[in-house]
Number of protein chains: 2
Amino acid sequence: MTQKRSRADAQTRMMRLDQIAAQLKGEDPCTVDDLARTHGVSRRTIARDLEIMRAQGMPIEAERGRGGGVRMDVNWGVGRLNLSYAESVDLLISLAVAEQMNSPLFLAQMGSIRRQLIASFSKEKRRAVQGIKKRILIAEHASLPVQTSMGQPKPRVVQTLHQAFLNQKLVEIDYVREDGAKSKRTIAPQYLLLCSPVWYVLAWDHLRDAPRTFRCDRIQRATEGFEKFSLQDAKVFEPALDHYNVL
Amino acid sequence: MTQKRSRADAQTRMMRLDQIAAQLKGEDPCTVDDLARTHGVSRRTIARDLEIMRAQGMPIEAERGRGGGVRMDVNWGVGRLNLSYAESVDLLISLAVAEQMNSPLFLAQMGSIRRQLIASFSKEKRRAVQGIKKRILIAEHASLPVQTSMGQPKPRVVQTLHQAFLNQKLVEIDYVREDGAKSKRTIAPQYLLLCSPVWYVLAWDHLRDAPRTFRCDRIQRATEGFEKFSLQDAKVFEPALDHYNVL
DNA sequence: AGTAATGCGCCGTTTTATGTCCTATTTGTT
DNA sequence: AACAAATAGGACATAAAACGGCGCATTACT
């Protein structure tokens with residue numbers, strides 16, 4: 001018999017596997033027949049596809065007999081994320097913050113998420129993330145109430161600071177001291193410290209050549225520089241770190 | 001010329017694509033030659049693989065000429081997560097909690113993560129998640145300091161409660177009132193309320209046929225039942241919800 | 001017993017992924 | 001300017017996969 005086969009695009013099987021997975025995530029079980037029809041291939045092929053998907057670890061179950069069909073555990077593989085580096089770090093921190101306030105009802109699964117996330121990194125990235133985690137501190141929950149902040153820090157500033165911290169780049173900032181005095185500085189953001197609502201930057205001030213601490217909401221402007229800084233100067237801060245939890 | 005080809009397992013190409021992706025995530029650029037050697041295929045094949053990966057949207061760039069090579073944007077695709085339903089919900093809540101305490105330094109990316117996460121749901125799941133989000137309340141940050149809890153709730157209890165809440169299943173619990181009186185109840189967990197460190201369950205007590213509120217850390221034992229409950233009874237709680245932020 | 005579903009083995013056919021050549025192009029080095 | 005090292009990609013033959021179709025075993029519901 002003549003067997004017509006139209007090649008759709010490229011890698012037919014891979015695409016079909018994805019589509020089948022998506023289809024199976026729907027609530028009701030499909031029959032192999034349905035799948036075969038919707039994809040324009042034979043039952044046999046679908047069967048082989050399912051074999052492959054099972055081999056790849058997807059929890060695909062089938063029920064034989066009338067009323068049966070192919071199902072995938074509905075609670076599997078919802079939530080496919082593809083995060084950028086910055087997003088990943090954010091997420092790790094966010095998880096840590098959420099865990100910090102010990103409200104363990106919904107945090108049962110957090111460990112699993114963190115493990116998956118870390119496992120998905122390459123070796124180099126993993127090391128990098130480890131390094132960054134050491135540079136983020138979280139104060140005890142019941143800390144002294146901070147004086148009312150000057151409003152939210154500006155998103156632009158936040159983003160720049162964020163970038164520079166991750167990339168170990170120097171930053172130029174305009175800072176307003178508590179007494180209102182303004183100053184321009186070039187700093188190397190070594191550590192970040194979260195005291196419940198307020199972030200602090202423990203940095204080496206390259207103009208004054210001394211360690212300084214800045215409140216993020218008092219930074220008016222921030223410009224990322226091109227020069228990378230080393231973590232050597234960070235040692236100055238180490239004695240102070242014992243009071244805080246490291247991420 | 002004889003062309004030896006050893007079939008590795010199944011779907012050789014898919015596996016190779018994954019491996020190449022992982023390899024490319026490493027910092028330094030590989031040459032096509034390297035890739036060909038490490039995978040035991042020809043340069044041409046690797047080239048074709050790269051074509052495919054590009055077609056799939058991976059940001060793979062190549063630099064021609066001496067000293068060139070194939071690179072992938074290092075900040076792409078770090079962080080591949082495949083979350084279960086429960087994990088997804090946890091994550092959403094965790095993000096919300098982290099956002100609640102307005103420490104916006106590292107939360108710039110959170111919106112993006114949440115959007116990705118929600119986008120990855122199927123329609124049905126998305127609706128379900130929307131429903132669940134409405135059933136989780138978060139109290140204002142500066143709430144009255146709660147009396148010291150009785151220690152952490154038991155992990156077993158937490159997990160059961162968690163499941164039952166998500167699946168809208170009735171739960172049997174052993175509860176200890178503040179005055180020490182113990183009781184057995186069958187409840188329908190309609191809402192969850194987080195007052196900073198303590199979770200409360202707003203539930204319909206099916207034995208007393210009346211709404212009740214329970215502190216999670218006072219629940220001694222929990223068993224998930226088979227009977228699903230409807231959200232009809234939840235209306236009783238609605239007037240009380242205005243005081244809290246809905247997730 | 002009949003029916004509707006999966007599971008799986010076998011075989012012949014079609015498609016495609018691969019290897020081997022080849023050329024063009026870009027780019028840094030000598 | 002010449003050379004070397006890299007990617008990009010075309011052409012062609014071929015072995016290996018993917019596929020379709022068939023049949024039979026199995027399972028569960030009516």
# chains A, B, ... in the order shown; residues from 1 in each chain; ligands from 1
$ residues_around --residues "segment 35-38 of chain B" --least-positions-apart "5" --cutoff "10 Å" --atoms "only C-alpha atoms (C1' of nucleotides)" --output "list in words"
Gln19, Ile20, Gln23, Leu24, Cys30, Arg43, Arg44, Thr45, Ile46, Ala47 and Val70 of chain B
$ write_last_selection --atoms "N, CA, C and O atoms" --output "PDB file, in the first residue's frame"
ATOM      1  N   GLN B  19      23.290  17.598  25.421  1.00  0.00           N
ATOM      2  CA  GLN B  19      24.673  17.630  25.891  1.00  0.00           C
ATOM      3  C   GLN B  19      25.417  18.835  25.329  1.00  0.00           C
ATOM      4  O   GLN B  19      26.173  19.496  26.033  1.00  0.00           O
ATOM      5  N   ILE B  20      25.176  19.095  24.053  1.00  0.00           N
ATOM      6  CA  ILE B  20      25.839  20.252  23.454  1.00  0.00           C
ATOM      7  C   ILE B  20      25.405  21.524  24.171  1.00  0.00           C
ATOM      8  O   ILE B  20      26.230  22.388  24.470  1.00  0.00           O
ATOM      9  N   GLN B  23      27.220  21.776  27.296  1.00  0.00           N
ATOM     10  CA  GLN B  23      28.620  22.076  27.050  1.00  0.00           C
ATOM     11  C   GLN B  23      28.790  23.557  26.696  1.00  0.00           C
ATOM     12  O   GLN B  23      29.715  24.220  27.168  1.00  0.00           O
ATOM     13  N   LEU B  24      27.870  24.047  25.895  1.00  0.00           N
ATOM     14  CA  LEU B  24      27.968  25.435  25.450  1.00  0.00           C
ATOM     15  C   LEU B  24      27.692  26.409  26.580  1.00  0.00           C
ATOM     16  O   LEU B  24      28.077  27.576  26.498  1.00  0.00           O
ATOM     17  N   CYS B  30      33.610  26.690  22.471  1.00  0.00           N
ATOM     18  CA  CYS B  30      34.169  25.470  21.898  1.00  0.00           C
ATOM     19  C   CYS B  30      34.233  25.659  20.394  1.00  0.00           C
ATOM     20  O   CYS B  30      33.444  26.377  19.804  1.00  0.00           O
ATOM     21  N   ARG B  43      32.074  16.983  11.903  1.00  0.00           N
ATOM     22  CA  ARG B  43      31.849  18.429  12.016  1.00  0.00           C
ATOM     23  C   ARG B  43      30.520  18.817  11.390  1.00  0.00           C
ATOM     24  O   ARG B  43      29.762  19.593  11.945  1.00  0.00           O
ATOM     25  N   ARG B  44      30.292  18.278  10.238  1.00  0.00           N
ATOM     26  CA  ARG B  44      29.068  18.634   9.516  1.00  0.00           C
ATOM     27  C   ARG B  44      27.834  18.376  10.360  1.00  0.00           C
ATOM     28  O   ARG B  44      26.889  19.178  10.376  1.00  0.00           O
ATOM     29  N   THR B  45      27.838  17.267  11.029  1.00  0.00           N
ATOM     30  CA  THR B  45      26.689  16.924  11.861  1.00  0.00           C
ATOM     31  C   THR B  45      26.512  17.935  12.982  1.00  0.00           C
ATOM     32  O   THR B  45      25.393  18.391  13.250  1.00  0.00           O
ATOM     33  N   ILE B  46      27.619  18.274  13.612  1.00  0.00           N
ATOM     34  CA  ILE B  46      27.531  19.279  14.675  1.00  0.00           C
ATOM     35  C   ILE B  46      26.960  20.581  14.122  1.00  0.00           C
ATOM     36  O   ILE B  46      26.098  21.213  14.739  1.00  0.00           O
ATOM     37  N   ALA B  47      27.418  20.944  12.948  1.00  0.00           N
ATOM     38  CA  ALA B  47      26.906  22.166  12.324  1.00  0.00           C
ATOM     39  C   ALA B  47      25.393  22.081  12.176  1.00  0.00           C
ATOM     40  O   ALA B  47      24.670  23.029  12.489  1.00  0.00           O
ATOM     41  N   VAL B  70      32.142  28.521  18.924  1.00  0.00           N
ATOM     42  CA  VAL B  70      30.699  28.580  19.126  1.00  0.00           C
ATOM     43  C   VAL B  70      30.426  28.926  20.574  1.00  0.00           C
ATOM     44  O   VAL B  70      31.000  28.310  21.473  1.00  0.00           O
TER      45      VAL B  70
END
$ select_by_dssp --residues "segment 19-116 of chain A" --states "strand (DSSP E)" --output "short mmCIF file (atom, residue, chain, number, x, y, z; two decimals) with all heavy atoms, in the first residue's frame"
data_model
loop_
_atom_site.label_atom_id
_atom_site.label_comp_id
_atom_site.auth_asym_id
_atom_site.auth_seq_id
_atom_site.Cartn_x
_atom_site.Cartn_y
_atom_site.Cartn_z
N ILE A 60 4.08 8.85 32.42
CA ILE A 60 2.93 8.61 31.57
C ILE A 60 2.36 7.24 31.88
O ILE A 60 3.07 6.24 31.81
CB ILE A 60 3.34 8.67 30.09
CG1 ILE A 60 3.78 10.09 29.76
CG2 ILE A 60 2.20 8.24 29.19
CD1 ILE A 60 4.35 10.23 28.39
N GLU A 61 1.09 7.24 32.22
CA GLU A 61 0.46 5.98 32.55
C GLU A 61 -0.65 5.71 31.55
O GLU A 61 -1.22 6.63 30.99
CB GLU A 61 -0.13 6.03 33.96
CG GLU A 61 0.91 6.20 35.03
CD GLU A 61 0.32 6.87 36.25
OE1 GLU A 61 -0.89 6.72 36.47
OE2 GLU A 61 1.08 7.55 36.95
N ALA A 62 -0.94 4.45 31.37
CA ALA A 62 -2.01 4.09 30.46
C ALA A 62 -2.95 3.13 31.18
O ALA A 62 -2.51 2.31 31.97
CB ALA A 62 -1.45 3.43 29.22
N GLU A 63 -4.22 3.29 30.90
CA GLU A 63 -5.17 2.34 31.45
C GLU A 63 -5.78 1.55 30.32
O GLU A 63 -6.31 2.11 29.36
CB GLU A 63 -6.26 3.07 32.24
CG GLU A 63 -5.77 3.44 33.62
CD GLU A 63 -6.85 4.13 34.42
OE1 GLU A 63 -8.02 4.00 34.06
OE2 GLU A 63 -6.49 4.80 35.40
N GLY A 69 -7.16 4.86 28.40
CA GLY A 69 -6.51 5.91 27.66
C GLY A 69 -5.14 6.20 28.25
O GLY A 69 -4.72 5.53 29.20
N VAL A 70 -4.51 7.17 27.72
CA VAL A 70 -3.17 7.54 28.17
C VAL A 70 -3.27 8.81 28.99
O VAL A 70 -3.90 9.77 28.57
CB VAL A 70 -2.24 7.77 26.97
CG1 VAL A 70 -0.83 8.02 27.45
CG2 VAL A 70 -2.29 6.59 26.05
N ARG A 71 -2.67 8.79 30.14
CA ARG A 71 -2.69 9.97 31.00
C ARG A 71 -1.27 10.29 31.43
O ARG A 71 -0.41 9.43 31.46
CB ARG A 71 -3.53 9.72 32.25
CG ARG A 71 -5.02 9.61 32.01
CD ARG A 71 -5.75 9.36 33.29
NE ARG A 71 -5.29 8.14 33.94
CZ ARG A 71 -4.50 8.12 34.99
NH1 ARG A 71 -4.08 9.23 35.51
NH2 ARG A 71 -4.14 6.97 35.52
N MET A 72 -1.08 11.53 31.78
CA MET A 72 0.16 11.90 32.45
C MET A 72 -0.25 12.44 33.80
O MET A 72 -1.27 13.12 33.92
CB MET A 72 0.93 12.95 31.66
CG MET A 72 2.23 13.33 32.34
SD MET A 72 3.43 14.03 31.19
CE MET A 72 2.51 15.37 30.50
N ARG A 80 7.10 24.94 33.68
CA ARG A 80 8.39 24.84 33.01
C ARG A 80 8.99 26.22 33.01
O ARG A 80 8.45 27.12 32.42
CB ARG A 80 8.20 24.38 31.56
CG ARG A 80 8.15 22.91 31.39
CD ARG A 80 9.20 22.48 30.37
NE ARG A 80 9.43 21.04 30.45
CZ ARG A 80 8.56 20.15 29.99
NH1 ARG A 80 7.45 20.55 29.44
NH2 ARG A 80 8.84 18.87 30.08
N LEU A 81 10.12 26.36 33.65
CA LEU A 81 10.76 27.67 33.71
C LEU A 81 12.10 27.63 33.02
O LEU A 81 12.80 26.63 33.06
CB LEU A 81 10.95 28.10 35.16
CG LEU A 81 9.69 28.49 35.91
CD1 LEU A 81 10.03 28.91 37.31
CD2 LEU A 81 8.99 29.60 35.17
N ASN A 82 12.44 28.71 32.44
CA ASN A 82 13.72 28.87 31.78
C ASN A 82 14.26 30.22 32.21
O ASN A 82 13.94 31.22 31.61
CB ASN A 82 13.54 28.79 30.27
CG ASN A 82 14.73 28.20 29.62
OD1 ASN A 82 15.73 27.93 30.29
ND2 ASN A 82 14.66 27.99 28.33
#
$ residues_around --residues "DA5 of chain C" --least-positions-apart "3" --cutoff "9 Å" --atoms "only C-alpha atoms (C1' of nucleotides)" --output "list in words"
Thr31, Val32, Glu63, Arg64, Gly65, Arg66, Gly67, Gly68 and Gly69 of chain A; DT27 and DA28 of chain D
$ closest_residue --among "D:DA4, D:DA18, D:DA11, D:DC24" --to "chain A" --atoms "only C-alpha atoms (C1' of nucleotides)"
D:DA18
$ closest_residue --among "D:DA13, D:DC29, D:DC3, D:DA8" --to "Leu50 of chain B" --atoms "only C-alpha atoms (C1' of nucleotides)"
D:DA8
$ atom_distance --atom1 "atom CA of Gln220 of chain B" --atom2 "atom CA of Val176 of chain B"
7.3 Å
$ interface_residues --of "chain C" --to "chain B" --cutoff "6 Å" --atoms "only C-alpha atoms (C1' of nucleotides)" --output "number ranges by chain"
C: 26-28
$ atom_distance --atom1 "atom CA of Ala203 of chain A" --atom2 "atom CA of Ile187 of chain A"
5.9 Å
$ select_by_dssp --residues "segment 29-219 of chain B" --states "alpha helix (DSSP H)" --output "PyMOL selection string"
chain B and resi 32-39+43-55+85-100+110-119+123-134+155-167
$ interface_residues --of "chain D" --to "chain B" --cutoff "8 Å" --atoms "only C-alpha atoms (C1' of nucleotides)" --output "PyMOL selection string"
chain D and resi 4-7+15
$ decode --residues "chain D" --atoms "C-alpha atoms (C1' of nucleotides)" --output "compact mmCIF listing (two decimals), in the first residue's frame"
# COMPACT_ATOMS: atom_id res chain seq x y z
C1' DA D 1 49.83 40.11 1.24
C1' DA D 2 49.75 35.59 2.35
C1' DC D 3 48.38 32.14 5.55
C1' DA D 4 45.91 29.64 9.00
C1' DA D 5 41.92 28.74 11.68
C1' DA D 6 37.57 29.00 12.20
C1' DT D 7 32.29 28.96 10.59
C1' DA D 8 28.72 28.30 6.79
C1' DG D 9 26.73 25.50 3.85
C1' DG D 10 25.98 22.68 -0.83
C1' DA D 11 25.99 17.88 -3.03
C1' DC D 12 25.71 13.04 -2.81
C1' DA D 13 25.62 8.26 -1.26
C1' DT D 14 24.17 5.22 2.39
C1' DA D 15 23.18 3.11 6.85
C1' DA D 16 20.03 3.68 10.37
C1' DA D 17 15.65 5.35 12.14
C1' DA D 18 11.12 6.26 11.81
C1' DC D 19 7.04 4.76 10.06
C1' DG D 20 2.81 2.00 8.66
C1' DG D 21 0.33 -2.08 8.85
C1' DC D 22 -0.72 -6.39 10.71
C1' DG D 23 -1.60 -9.63 14.28
C1' DC D 24 -1.99 -11.30 18.86
C1' DA D 25 -1.94 -10.95 23.95
C1' DT D 26 -3.92 -8.49 27.78
C1' DT D 27 -7.07 -5.87 30.53
C1' DA D 28 -11.35 -4.07 32.08
C1' DC D 29 -15.95 -2.75 31.56
C1' DT D 30 -20.83 -4.05 30.03
